[in-house]
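What follows is one structure encoded as structure tokens, with my remarks underneath.
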Amino acid sequence: MKEENFFQRVYEVAKQIPYGRVTSYGAIAKYLASSGSARMVGWAMNASHNNEDIPAHRVVNRVGLLSGKHHFDGTKLMQQLLENEGIEVVDNQIVDFEKHFWDPAIELR
């Protein structure tokens with residue numbers, strides 16, 4: 001699978017994450033029938049920062065940790081974007097992660 005095509009498919013899923021919700025790199029990879037590709041989803045999110053249509057701040061690791069935060073401008077931009085959507089973050093960890101989690105495998109059927 002060509003990387004550009006995979007990235008584009010990741011972006012199409014990411015664009016559908018609702019305001020005030022988050023998903024994980026692995027959940028997107030699983031939805032795209034590419035379960036072992038969570039890291040590639042992360043690379044896609046990192047490459048998307050020039051595209052304001054893609055809410056990369058809503059994609060976190062499998063336990064709700066803001067593992068991609070260092071790819072955002074400013075020290076706490078990812079956290080601030082999430083908090084602006086009503087998601088509480090403490091020590092780079094989403095509070096009540098399960099409550100905010102959006103699973104594309106369920107939501108995009």
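Ordered as shown in the structure tokens, chains take letters A, B, and onward, while each chain numbers its residues from 1 and ligands are numbered from 1 in the order shown.
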
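Proximity to A:Glu12 at 12 Å, evaluated using only C-alpha atoms and with sequence-adjacent residues fewer than 2 positions away removed, yields A:Asn5, A:Phe6, A:Phe7, A:Gln8, A:Arg9, A:Val10, A:Ala14, A:Lys15, A:Gln16, A:Ile17, A:Ile28, A:Tyr31, A:Leu32, A:Val41, A:Ala44, A:Met45, A:Ser48, A:Asp53, A:Ile54, A:Pro55, A:Ala56, A:Pro104, A:Leu108.
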
Give me, as a PyMOL selection string, the residues of chain A that a backbone DSSP run labels helix (DSSP H, G or I). chain A and resi 3-14+25-31+38-47+56-58+69-71+77-84+97-100+104-107

Take the residues from that selection and write them out as a compact mmCIF listing (two decimals), in the first residue's frame, keeping C-alpha atoms.
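The resulting file, result.txt, is shown below:
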```txt
# COMPACT_ATOMS: atom_id res chain seq x y z
CA GLU A 3 2.10 5.67 1.94
CA GLU A 4 0.23 8.65 0.40
CA ASN A 5 -2.89 6.53 -0.07
CA PHE A 6 -2.69 5.27 3.51
CA PHE A 7 -2.19 8.79 4.86
CA GLN A 8 -5.17 10.02 2.83
CA ARG A 9 -7.35 7.23 4.24
CA VAL A 10 -6.19 8.14 7.77
CA TYR A 11 -7.11 11.77 7.12
CA GLU A 12 -10.59 10.85 5.92
CA VAL A 13 -11.21 9.02 9.21
CA ALA A 14 -9.64 11.76 11.35
CA TYR A 25 -3.81 5.72 16.45
CA GLY A 26 -4.56 2.02 16.82
CA ALA A 27 -8.33 2.46 16.47
CA ILE A 28 -7.83 4.26 13.16
CA ALA A 29 -5.38 1.60 11.96
CA LYS A 30 -7.80 -1.18 12.94
CA TYR A 31 -10.69 0.57 11.17
CA ALA A 38 -0.71 2.49 14.59
CA ARG A 39 2.74 4.04 14.21
CA MET A 40 2.04 4.87 10.56
CA VAL A 41 -1.19 6.58 11.66
CA GLY A 42 0.98 8.64 14.00
CA TRP A 43 3.28 9.55 11.12
CA ALA A 44 0.23 10.60 9.09
CA MET A 45 -0.98 12.79 11.94
CA ASN A 46 2.48 14.36 12.25
CA ALA A 47 2.51 15.07 8.50
CA ALA A 56 -4.76 15.76 14.64
CA HIS A 57 -5.11 16.92 18.26
CA ARG A 58 -8.02 14.46 18.63
CA LYS A 69 2.02 16.67 21.75
CA HIS A 70 5.63 17.49 20.84
CA HIS A 71 4.60 17.73 17.17
CA LEU A 77 -1.09 23.48 22.14
CA MET A 78 -2.49 19.95 21.82
CA GLN A 79 -3.77 20.08 25.40
CA GLN A 80 -5.23 23.57 24.89
CA LEU A 81 -7.07 22.48 21.73
CA LEU A 82 -8.59 19.51 23.58
CA GLU A 83 -9.50 21.61 26.61
CA ASN A 84 -11.20 24.12 24.31
CA PHE A 97 -10.69 8.75 28.36
CA GLU A 98 -13.36 6.05 27.86
CA LYS A 99 -16.11 8.71 28.03
CA HIS A 100 -14.49 10.76 25.26
CA PRO A 104 -14.43 4.56 14.08
CA ALA A 105 -15.21 0.81 13.83
CA ILE A 106 -18.47 1.46 15.67
CA GLU A 107 -19.27 5.03 14.66
```

Name all residues at most 10 Å from A:Gln93 (count only C-alpha atoms; drop same-chain ones fewer than 4 positions away) and give them as a VMD selection string. chain A and resid 60 to 61 63 to 67 79 88 to 89 97

For the residues in the current selection, export C-alpha atoms as a compact mmCIF listing (two decimals), in the first residue's frame.
```txt
# COMPACT_ATOMS: atom_id res chain seq x y z
CA VAL A 60 -3.94 10.08 21.06
CA ASN A 61 -2.38 6.82 22.14
CA VAL A 63 -4.56 4.89 26.93
CA GLY A 64 -5.39 8.54 26.27
CA LEU A 65 -1.90 9.95 26.58
CA LEU A 66 -1.02 12.98 24.45
CA SER A 67 1.93 11.15 22.92
CA GLN A 79 -3.77 20.08 25.40
CA GLU A 88 -9.91 17.67 30.63
CA VAL A 89 -6.21 16.81 30.48
CA PHE A 97 -10.69 8.75 28.36
```

One decimal, in Å: what's the spacing between atom CA of A:His49 and atom CA of A:Gly36? 23.2 Å

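Coordinates place atom CA of A:Gly20 at a distance of 6.3 Å from atom CA of A:Ile87.
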
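Between atom CA of A:Asn92 and atom CA of A:Thr75 lies a distance of 11.2 Å.
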